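The file protein08.txt comes next; it holds compact mmCIF, C-alpha atoms.
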# COMPACT_ATOMS: atom_id res chain seq x y z
CA MET D 1326 -21.06 21.99 -151.10
CA LEU D 1327 -19.86 18.96 -153.11
CA LEU D 1328 -16.71 18.37 -151.00
CA PRO D 1329 -18.54 17.67 -147.72
CA ALA D 1330 -20.72 15.20 -149.59
CA LEU D 1331 -17.64 13.29 -150.80
CA ARG D 1332 -15.96 13.30 -147.39
CA GLN D 1333 -19.01 11.81 -145.70
CA PRO D 1334 -20.13 8.87 -147.83
CA SER D 1335 -23.58 7.58 -147.26
CA LEU D 1336 -24.02 4.63 -144.90
CA HIS D 1337 -25.26 2.27 -147.61
CA LEU D 1338 -21.78 2.33 -149.29
CA LEU D 1339 -19.84 1.22 -146.16
CA PRO D 1340 -20.48 -2.56 -146.52
CA ALA D 1341 -19.24 -2.49 -150.12
CA LEU D 1342 -16.05 -0.61 -149.17
CA LEU D 1343 -15.34 -3.01 -146.29
CA LEU D 1344 -15.74 -6.05 -148.59
CA TYR D 1345 -13.34 -4.48 -151.12
CA PHE D 1346 -10.55 -3.87 -148.58
CA CYS D 1347 -10.91 -7.35 -147.02
CA ALA D 1348 -10.67 -9.01 -150.44
CA GLY D 1349 -7.50 -7.02 -151.26
CA LEU D 1350 -5.85 -7.95 -147.97
CA GLN D 1351 -6.61 -11.67 -148.47
CA PHE D 1352 -5.10 -11.56 -151.98
CA GLU D 1353 -1.85 -9.96 -150.73
CA LEU D 1354 -1.42 -12.58 -148.00
CA SER D 1355 -2.12 -15.61 -150.19
CA SER D 1356 -0.34 -14.60 -153.41
CA PRO D 1357 3.36 -15.06 -152.34
CA LEU D 1358 2.67 -18.54 -150.91
CA SER D 1359 0.90 -19.64 -154.07
CA LEU D 1360 3.64 -18.28 -156.32
CA SER D 1361 6.46 -19.90 -154.29
CA THR D 1362 4.69 -23.28 -154.36
CA GLU D 1363 4.22 -23.01 -158.13
CA ARG D 1364 7.90 -22.10 -158.62
CA ILE D 1365 9.05 -25.18 -156.63
CA MET D 1366 6.78 -27.42 -158.68
CA GLU D 1367 7.97 -25.88 -161.95
CA THR D 1368 11.70 -25.95 -161.13
CA THR D 1369 11.86 -29.46 -159.58
CA PRO D 1370 12.69 -31.89 -162.42
CA VAL D 1371 10.57 -34.99 -162.80
CA GLY D 1372 12.33 -37.97 -161.21
CA PHE D 1373 14.38 -35.87 -158.76
CA ALA D 1374 13.58 -35.24 -155.12
CA ALA D 1375 12.55 -31.83 -153.90
CA PRO D 1376 14.82 -30.07 -151.39
CA GLY D 1377 14.74 -31.73 -147.98
CA TYR D 1378 14.35 -35.29 -149.36
CA ALA D 1379 16.54 -37.83 -147.50
CA PRO D 1380 18.05 -40.71 -149.52
CA PRO D 1381 17.60 -44.29 -148.26
CA ALA D 1382 19.59 -44.84 -145.09
CA ALA D 1383 22.82 -46.83 -145.24
CA PRO D 1384 22.87 -50.20 -143.49
CA PRO D 1385 23.75 -49.81 -139.79
CA GLY D 1386 27.47 -49.36 -139.27
CA LEU D 1387 28.23 -48.42 -142.89
CA GLU D 1388 27.48 -44.70 -142.63
CA TYR D 1389 31.19 -43.82 -142.69
CA LEU D 1390 31.59 -45.41 -146.14
CA THR D 1391 29.44 -42.63 -147.62
CA GLN D 1392 32.25 -40.13 -146.83
CA ILE D 1393 35.22 -41.89 -148.47
CA ASP D 1394 36.36 -42.96 -151.92
CA GLN D 1395 39.22 -45.25 -150.91
CA ILE D 1396 39.68 -48.22 -148.59
CA LEU D 1397 42.92 -49.90 -147.56
CA VAL D 1398 42.91 -53.56 -146.51
CA HIS D 1399 45.95 -54.84 -144.58
CA GLN D 1400 46.24 -58.51 -143.68
CA LYS D 1401 47.90 -59.19 -140.34
CA VAL D 1402 51.00 -61.37 -140.23
CA GLU D 1403 50.42 -64.59 -138.26
CA LEU D 1404 53.67 -65.74 -136.64
CA LEU D 1405 52.62 -69.40 -136.32
CA GLU D 1406 51.68 -69.47 -139.98
CA ALA D 1407 54.91 -67.75 -141.05
CA ILE D 1408 57.20 -70.01 -138.97
CA ILE D 1409 55.75 -73.52 -139.37
CA GLY D 1410 53.32 -73.07 -142.25
CA PHE D 1411 50.22 -73.97 -140.20
CA GLU D 1412 47.25 -72.16 -141.75
CA THR D 1413 45.37 -69.96 -139.27
CA ASN D 1414 42.26 -67.82 -139.59
CA ASN D 1415 43.05 -64.73 -141.64
CA ARG D 1416 42.72 -61.36 -139.91
CA TYR D 1417 42.61 -57.94 -141.53
CA GLU D 1418 42.54 -54.26 -140.67
CA ILE D 1419 40.42 -52.02 -142.89
CA LYS D 1420 41.58 -48.40 -142.99
CA ASN D 1421 40.82 -45.10 -144.68
CA SER D 1422 43.25 -43.26 -146.95
CA LEU D 1423 44.92 -41.67 -143.88
CA GLY D 1424 45.73 -45.07 -142.39
CA GLN D 1425 43.11 -44.80 -139.65
CA LYS D 1426 41.45 -48.12 -138.79
CA ILE D 1427 37.71 -48.11 -139.46
CA TYR D 1428 36.90 -51.84 -139.35
CA SER D 1429 38.42 -55.19 -138.44
CA ALA D 1430 37.83 -58.46 -140.28
CA LYS D 1431 38.39 -62.04 -139.15
CA GLU D 1432 37.85 -65.35 -140.89
CA GLN D 1433 35.62 -67.87 -139.11
CA ASN D 1434 36.67 -71.40 -139.97
CA ASP D 1435 37.84 -74.73 -138.56
CA CYS D 1436 41.37 -76.11 -138.62
CA CYS D 1437 40.60 -79.03 -140.94
CA THR D 1438 38.92 -76.89 -143.60
CA ARG D 1439 41.69 -74.29 -143.58
CA ASN D 1440 44.56 -76.74 -143.99
CA CYS D 1441 42.92 -79.36 -146.24
CA CYS D 1442 40.81 -77.33 -148.66
CA GLY D 1443 43.29 -74.50 -149.20
CA PRO D 1444 42.24 -71.23 -150.86
CA GLN D 1445 39.13 -72.86 -152.32
CA ARG D 1446 37.74 -73.37 -148.80
CA SER D 1447 34.40 -72.16 -147.58
CA PHE D 1448 34.36 -69.57 -144.80
CA ASP D 1449 32.52 -66.73 -143.12
CA LEU D 1450 34.36 -63.43 -142.77
CA LYS D 1451 33.03 -61.13 -140.07
CA ILE D 1452 33.70 -57.40 -140.34
CA THR D 1453 33.26 -55.42 -137.12
CA ASP D 1454 33.43 -51.76 -136.14
CA HIS D 1455 35.28 -50.13 -133.20
CA ASN D 1456 32.56 -51.34 -130.82
CA GLU D 1457 33.03 -54.97 -131.92
CA GLN D 1458 29.62 -54.86 -133.57
CA GLU D 1459 29.41 -56.97 -136.72
CA VAL D 1460 28.39 -54.73 -139.63
CA ILE D 1461 29.20 -56.93 -142.65
CA ARG D 1462 29.35 -60.68 -143.09
CA LEU D 1463 30.94 -62.31 -146.13
CA VAL D 1464 29.90 -65.88 -146.92
CA LYS D 1465 31.97 -67.94 -149.35
CA PRO D 1466 30.94 -71.51 -150.19
CA PHE D 1467 33.40 -74.18 -151.33
CA ARG D 1468 33.87 -73.82 -155.08
CA CYS D 1469 36.03 -75.15 -157.88
CA THR D 1470 38.66 -72.86 -159.42
CA SER D 1471 39.49 -74.53 -162.72
CA CYS D 1472 38.59 -72.86 -166.01
CA TRP D 1473 37.70 -76.36 -167.27
CA CYS D 1474 34.79 -76.54 -164.81
CA PRO D 1475 32.67 -73.42 -165.48
CA CYS D 1476 29.60 -74.72 -163.68
CA CYS D 1477 30.97 -74.31 -160.15
CA LEU D 1478 33.06 -71.15 -160.03
CA GLN D 1479 33.88 -68.91 -157.08
CA GLU D 1480 31.31 -66.60 -155.51
CA MET D 1481 30.86 -64.46 -152.42
CA GLU D 1482 27.67 -63.38 -150.68
CA VAL D 1483 27.70 -59.99 -148.93
CA GLN D 1484 25.36 -59.33 -146.01
CA ALA D 1485 24.89 -55.98 -144.27
CA PRO D 1486 23.78 -56.22 -141.56
CA PRO D 1487 24.36 -59.96 -141.05
CA GLY D 1488 21.37 -61.92 -142.34
CA ASN D 1489 20.39 -59.23 -144.88
CA THR D 1490 21.88 -59.99 -148.29
CA ILE D 1491 22.79 -56.85 -150.26
CA GLY D 1492 24.68 -58.45 -153.15
CA PHE D 1493 27.00 -61.07 -154.60
CA VAL D 1494 30.37 -61.28 -156.31
CA VAL D 1495 30.40 -64.08 -158.89
CA GLN D 1496 33.32 -65.31 -160.97
CA ASN D 1497 32.64 -65.34 -164.71
CA TRP D 1498 34.04 -68.13 -166.84
CA HIS D 1499 36.99 -67.12 -169.01
CA PRO D 1500 39.84 -69.32 -170.27
CA PHE D 1501 42.63 -67.05 -168.97
CA LEU D 1502 41.36 -63.69 -167.62
CA PRO D 1503 40.01 -63.16 -164.08
CA LYS D 1504 36.52 -61.74 -164.50
CA PHE D 1505 33.76 -61.16 -161.97
CA SER D 1506 30.21 -59.79 -161.89
CA VAL D 1507 28.95 -57.62 -159.06
CA LEU D 1508 25.28 -58.45 -158.54
CA GLY D 1509 22.54 -56.92 -156.44
CA ALA D 1510 20.39 -58.69 -153.87
CA SER D 1511 18.12 -60.01 -156.64
CA HIS D 1512 21.12 -61.09 -158.77
CA GLU D 1513 20.73 -58.10 -161.09
CA PRO D 1514 24.04 -57.11 -162.76
CA LEU D 1515 25.49 -53.84 -161.45
CA LEU D 1516 29.25 -53.77 -162.12
CA THR D 1517 32.01 -55.95 -163.54
CA ILE D 1518 35.59 -56.56 -162.40
CA GLU D 1519 38.39 -57.56 -164.75
CA GLY D 1520 41.94 -58.48 -163.81
CA PRO D 1521 45.17 -58.85 -165.78
CA LEU D 1522 46.28 -61.88 -167.77
CA CYS D 1523 48.98 -62.60 -165.20
CA ALA D 1524 47.60 -61.99 -161.71
CA ILE D 1525 50.95 -62.46 -159.98
CA SER D 1526 52.43 -59.90 -157.61
CA CYS D 1527 56.06 -59.58 -158.66
CA CYS D 1528 57.76 -56.30 -157.67
CA GLY D 1529 54.66 -54.29 -158.52
CA ASP D 1530 50.94 -53.79 -157.96
CA VAL D 1531 48.31 -56.00 -159.59
CA ASP D 1532 45.23 -54.03 -160.67
CA PHE D 1533 41.67 -55.30 -161.11
CA ASP D 1534 39.53 -52.70 -162.91
CA VAL D 1535 35.98 -52.03 -161.75
CA LYS D 1536 33.73 -51.19 -164.70
CA GLY D 1537 30.24 -49.76 -165.01
CA LYS D 1538 27.47 -51.10 -167.21
CA ASP D 1539 28.81 -49.10 -170.17
CA GLY D 1540 32.26 -50.68 -169.83
CA SER D 1541 34.00 -47.55 -168.53
CA VAL D 1542 36.44 -47.92 -165.61
CA ILE D 1543 34.98 -46.33 -162.45
CA GLY D 1544 37.26 -47.84 -159.82
CA ARG D 1545 40.06 -50.27 -159.06
CA ILE D 1546 41.02 -53.04 -156.64
CA SER D 1547 44.82 -53.19 -156.37
CA LYS D 1548 47.00 -55.83 -154.76
CA GLN D 1549 49.85 -53.68 -153.46
CA TRP D 1550 53.46 -54.84 -153.47
CA SER D 1551 54.54 -55.30 -149.83
CA GLY D 1552 58.27 -55.78 -150.29
CA LEU D 1553 60.40 -58.78 -151.17
CA ILE D 1554 60.82 -60.16 -147.64
CA LYS D 1555 57.16 -59.97 -146.65
CA GLU D 1556 55.96 -61.30 -150.01
CA SER D 1557 58.33 -64.27 -149.94
CA LEU D 1558 57.94 -65.29 -146.29
CA THR D 1559 54.21 -64.66 -145.69
CA ASP D 1560 50.92 -64.52 -147.54
CA ALA D 1561 49.85 -61.36 -145.66
CA ASP D 1562 48.67 -59.01 -148.39
CA ASN D 1563 47.82 -55.33 -148.72
CA PHE D 1564 45.03 -54.05 -150.96
CA GLY D 1565 43.69 -50.68 -152.03
CA ILE D 1566 40.11 -50.16 -153.23
CA ASN D 1567 39.15 -47.00 -155.14
CA PHE D 1568 35.61 -46.05 -156.14
CA PRO D 1569 33.54 -42.90 -156.79
CA LEU D 1570 32.66 -40.93 -153.67
CA ASP D 1571 28.95 -40.91 -154.57
CA LEU D 1572 28.78 -44.65 -155.27
CA ASP D 1573 25.98 -46.38 -153.38
CA VAL D 1574 27.26 -47.48 -149.97
CA ARG D 1575 25.99 -51.02 -150.60
CA LEU D 1576 28.11 -51.27 -153.73
CA LYS D 1577 31.12 -50.08 -151.73
CA ALA D 1578 30.51 -52.91 -149.27
CA ILE D 1579 30.18 -55.44 -152.12
CA LEU D 1580 33.47 -54.23 -153.64
CA LEU D 1581 35.07 -54.77 -150.24
CA GLY D 1582 33.79 -58.34 -150.41
CA ALA D 1583 35.22 -58.67 -153.92
CA CYS D 1584 38.62 -57.66 -152.57
CA PHE D 1585 38.61 -60.56 -150.11
CA LEU D 1586 37.49 -63.01 -152.79
CA ILE D 1587 40.34 -61.88 -155.06
CA ASP D 1588 42.79 -62.25 -152.19
CA PHE D 1589 41.77 -65.85 -151.53
CA MET D 1590 41.70 -66.77 -155.22
CA PHE D 1591 45.02 -65.34 -156.39
CA PHE D 1592 47.21 -64.40 -153.43
CA GLU D 1593 46.44 -66.90 -150.65
CA SER D 1594 48.72 -69.92 -150.28
CA THR D 1595 48.37 -72.79 -147.86
CA GLY D 1596 51.28 -74.02 -145.76
CA ASP D 1597 54.54 -75.21 -147.27
CA SER D 1598 52.80 -76.67 -150.30
CA GLY D 1599 52.21 -73.19 -151.73
CA GLN D 1600 48.79 -74.31 -152.92
CA GLN D 1601 47.21 -71.32 -154.65
CA CYS D 1602 44.26 -70.75 -156.89
CA SER D 1603 43.95 -69.12 -160.30
CA VAL D 1604 41.62 -69.22 -163.28
CA PHE D 1605 43.46 -72.33 -164.42
CA GLY D 1606 42.80 -74.26 -161.20
Whole structure given in structure tokens:
Amino acid sequence: MLLPALRQPSLHLLPALLLYFCAGLQFELSSPLSLSTERIMETTPVGFAAPGYAPPAAPPGLEYLTQIDQILVHQKVELLEAIIGFETNNRYEIKNSLGQKIYSAKEQNDCCTRNCCGPQRSFDLKITDHNEQEVIRLVKPFRCTSCWCPCCLQEMEVQAPPGNTIGFVVQNWHPFLPKFSVLGASHEPLLTIEGPLCAISCCGDVDFDVKGKDGSVIGRISKQWSGLIKESLTDADNFGINFPLDLDVRLKAILLGACFLIDFMFFESTGDSGQQCSVFG
């Protein structure tokens, strides 16, 4: 007689049983979501982005630089300049490590400035992509080169895209060593560049070390030996730039600008006079 009583519960217990089962079902559905959210919050370190966070976008046209850790810069040989010594606007091809052209660069200047002011001249250098769109502009004002005049040394402004300054390369005063500071848009120090005592390309490469804030070498800008005939008859130079793959793309662009500044300071000569700059003037 007890079993039938248990199998047929009284009607006043049904609301309580329904409430119990509904509460259990709600707990099962909500528990995994709550636990997974808590695990993400507990395992994401403070100061780091959670999965799915996108870093700041690279300046337009510089996206490819995020994928490489080496750039090659080849200056084109100008026949008029090589034959009669008349200084023309410098032109360059910028390539990846496989030799594939990724950008072109051309100096924008007038005839009088090029041939009268020599390597110290002011100029704009426009760097364009395959679609002839300008992605970087380098602006160099006229500056003194002598170590005896430390108040007006060489510098280069880097804009990407044109009109938006992302950094500067500034020569540091030193009596005999080529030294530069890589600065951000607000002139905050980011990297330094230091060259050899004798920055002369003679049957070998000339290396300029790129150093971090702690003084450790993280990259290199190298003036590559192009062969005796090309080196003696022209001032068309080849450079290699190495940097960490994960380096900020803006810093990669600024180091590219530093390469051009180094080229003009130490490896550019004007006409038959052989006028060339150095830290000594």
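Interatomic distance, CA of Glu1457 in chain D against CA of Met1481 in chain D: 22.7 Å.
A straight line drawn from CA of Pro1503 in chain D to CA of Leu1580 in chain D is 15.2 Å long.
Between CA of Ala1383 in chain D and CA of Phe1533 in chain D the separation is 26.1 Å.
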Enumerate, as a short mmCIF file (atom, residue, chain, number, x, y, z; two decimals) with C-alpha atoms, in the frame of the given file, the protein, DNA and RNA residues whose atoms approach (25.8, -51.6, -164.0) to within 10 Å, taking into account all atoms listed in the file and the coordinate frame of the file.
data_model
loop_
_atom_site.label_atom_id
_atom_site.label_comp_id
_atom_site.auth_asym_id
_atom_site.auth_seq_id
_atom_site.Cartn_x
_atom_site.Cartn_y
_atom_site.Cartn_z
CA SER D 1506 30.21 -59.79 -161.89
CA VAL D 1507 28.95 -57.62 -159.06
CA LEU D 1508 25.28 -58.45 -158.54
CA GLY D 1509 22.54 -56.92 -156.44
CA GLU D 1513 20.73 -58.10 -161.09
CA PRO D 1514 24.04 -57.11 -162.76
CA LEU D 1515 25.49 -53.84 -161.45
CA LEU D 1516 29.25 -53.77 -162.12
CA THR D 1517 32.01 -55.95 -163.54
CA LYS D 1536 33.73 -51.19 -164.70
CA GLY D 1537 30.24 -49.76 -165.01
CA LYS D 1538 27.47 -51.10 -167.21
CA ASP D 1539 28.81 -49.10 -170.17
CA GLY D 1540 32.26 -50.68 -169.83
#
The residue from D:Asp1394, D:Asp1532, D:Asp1449, D:Glu1519 with the smallest atom-to-atom distance to Ser1422 in chain D, counting only C-alpha atoms, is D:Asp1394
Can you tell me which residues surround Gln1484 in chain D at a distance of at most 9 Å, considering only C-alpha atoms, apart from same-chain residues fewer than 4 positions away, and format the answer as a VMD selection string? chain D and resid 1460 to 1464 1488 to 1493 1578 to 1579
Nearest-residue call for Val1483 in chain D, choices D:Phe1467, D:Phe1592, D:Phe1564, D:Phe1585, using all atoms listed in the file: D:Phe1585
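Each of D:Cys1437, D:Leu1450, D:Glu1593, D:Leu1586 was checked against Gln1479 in chain D using all atoms listed in the file; the smallest atom-to-atom distance is that of D:Leu1586.
Minimum atom-to-atom distance to Ile1427 in chain D, evaluated using only C-alpha atoms, belongs to D:His1455 out of D:His1455, D:Lys1401, D:Arg1575, D:Arg1446.
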Using all atoms listed in the file and a cutoff of 12 Å, can you tell me which residues are near (48.9, -57.7, -166.1) in the file's coordinates, and write them out as a PDB file with C-alpha atoms, in the coordinates of the input?
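Generated file (out_14.pdb):
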ATOM      1  CA  PHE D1501      42.630 -67.050-168.970  1.00  0.00           C
ATOM      2  CA  LEU D1502      41.360 -63.690-167.620  1.00  0.00           C
ATOM      3  CA  PRO D1503      40.010 -63.160-164.080  1.00  0.00           C
ATOM      4  CA  GLU D1519      38.390 -57.560-164.750  1.00  0.00           C
ATOM      5  CA  GLY D1520      41.940 -58.480-163.810  1.00  0.00           C
ATOM      6  CA  PRO D1521      45.170 -58.850-165.780  1.00  0.00           C
ATOM      7  CA  LEU D1522      46.280 -61.880-167.770  1.00  0.00           C
ATOM      8  CA  CYS D1523      48.980 -62.600-165.200  1.00  0.00           C
ATOM      9  CA  ALA D1524      47.600 -61.990-161.710  1.00  0.00           C
ATOM     10  CA  ILE D1525      50.950 -62.460-159.980  1.00  0.00           C
ATOM     11  CA  SER D1526      52.430 -59.900-157.610  1.00  0.00           C
ATOM     12  CA  CYS D1527      56.060 -59.580-158.660  1.00  0.00           C
ATOM     13  CA  GLY D1529      54.660 -54.290-158.520  1.00  0.00           C
ATOM     14  CA  ASP D1530      50.940 -53.790-157.960  1.00  0.00           C
ATOM     15  CA  VAL D1531      48.310 -56.000-159.590  1.00  0.00           C
ATOM     16  CA  ASP D1532      45.230 -54.030-160.670  1.00  0.00           C
ATOM     17  CA  PHE D1533      41.670 -55.300-161.110  1.00  0.00           C
ATOM     18  CA  ASP D1534      39.530 -52.700-162.910  1.00  0.00           C
ATOM     19  CA  SER D1547      44.820 -53.190-156.370  1.00  0.00           C
ATOM     20  CA  LYS D1548      47.000 -55.830-154.760  1.00  0.00           C
TER      21      LYS D1548
END
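Taking only C-alpha atoms into account, Leu1397 in chain D lies nearest to D:Ile1419 out of the set D:Val1494, D:Cys1477, D:Ile1419, D:Leu1570.
Distances from D:Lys1465, D:Lys1451, D:Arg1416, D:Lys1431 to Met1590 in chain D were compared using all atoms listed in the file, and the smallest one belongs to D:Lys1465.
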N, CA and C atoms restored at range 1526-1542 of chain D, emitted as a short mmCIF file (atom, residue, chain, number, x, y, z; two decimals), in the frame of the given file:
data_model
loop_
_atom_site.label_atom_id
_atom_site.label_comp_id
_atom_site.auth_asym_id
_atom_site.auth_seq_id
_atom_site.Cartn_x
_atom_site.Cartn_y
_atom_site.Cartn_z
N SER D 1526 51.78 -61.07 -158.18
CA SER D 1526 52.43 -59.90 -157.61
C SER D 1526 53.94 -60.10 -157.62
N CYS D 1527 54.62 -59.43 -158.53
CA CYS D 1527 56.06 -59.58 -158.66
C CYS D 1527 56.69 -58.19 -158.81
N CYS D 1528 57.12 -57.62 -157.69
CA CYS D 1528 57.76 -56.30 -157.67
C CYS D 1528 56.86 -55.19 -158.21
N GLY D 1529 55.57 -55.34 -158.06
CA GLY D 1529 54.66 -54.29 -158.52
C GLY D 1529 53.23 -54.61 -158.14
N ASP D 1530 52.36 -53.61 -158.30
CA ASP D 1530 50.94 -53.79 -157.96
C ASP D 1530 50.23 -54.60 -159.05
N VAL D 1531 49.17 -55.27 -158.65
CA VAL D 1531 48.31 -56.00 -159.59
C VAL D 1531 46.93 -55.35 -159.52
N ASP D 1532 46.47 -54.81 -160.64
CA ASP D 1532 45.23 -54.03 -160.67
C ASP D 1532 44.08 -54.83 -161.27
N PHE D 1533 42.93 -54.74 -160.61
CA PHE D 1533 41.67 -55.30 -161.11
C PHE D 1533 40.72 -54.11 -161.33
N ASP D 1534 40.37 -53.86 -162.57
CA ASP D 1534 39.53 -52.70 -162.91
C ASP D 1534 38.07 -52.98 -162.61
N VAL D 1535 37.41 -51.98 -161.99
CA VAL D 1535 35.98 -52.03 -161.75
C VAL D 1535 35.29 -51.22 -162.84
N LYS D 1536 34.36 -51.84 -163.55
CA LYS D 1536 33.73 -51.19 -164.70
C LYS D 1536 32.23 -51.07 -164.50
N GLY D 1537 31.68 -49.96 -165.04
CA GLY D 1537 30.24 -49.76 -165.01
C GLY D 1537 29.55 -50.56 -166.11
N LYS D 1538 28.24 -50.36 -166.21
CA LYS D 1538 27.47 -51.10 -167.21
C LYS D 1538 27.87 -50.74 -168.63
N ASP D 1539 28.40 -49.52 -168.83
CA ASP D 1539 28.81 -49.10 -170.17
C ASP D 1539 30.24 -49.52 -170.50
N GLY D 1540 30.91 -50.22 -169.59
CA GLY D 1540 32.26 -50.68 -169.83
C GLY D 1540 33.35 -49.71 -169.42
N SER D 1541 32.99 -48.53 -168.94
CA SER D 1541 34.00 -47.55 -168.53
C SER D 1541 34.53 -47.89 -167.13
N VAL D 1542 35.80 -47.62 -166.90
CA VAL D 1542 36.44 -47.92 -165.61
C VAL D 1542 36.03 -46.86 -164.59
#
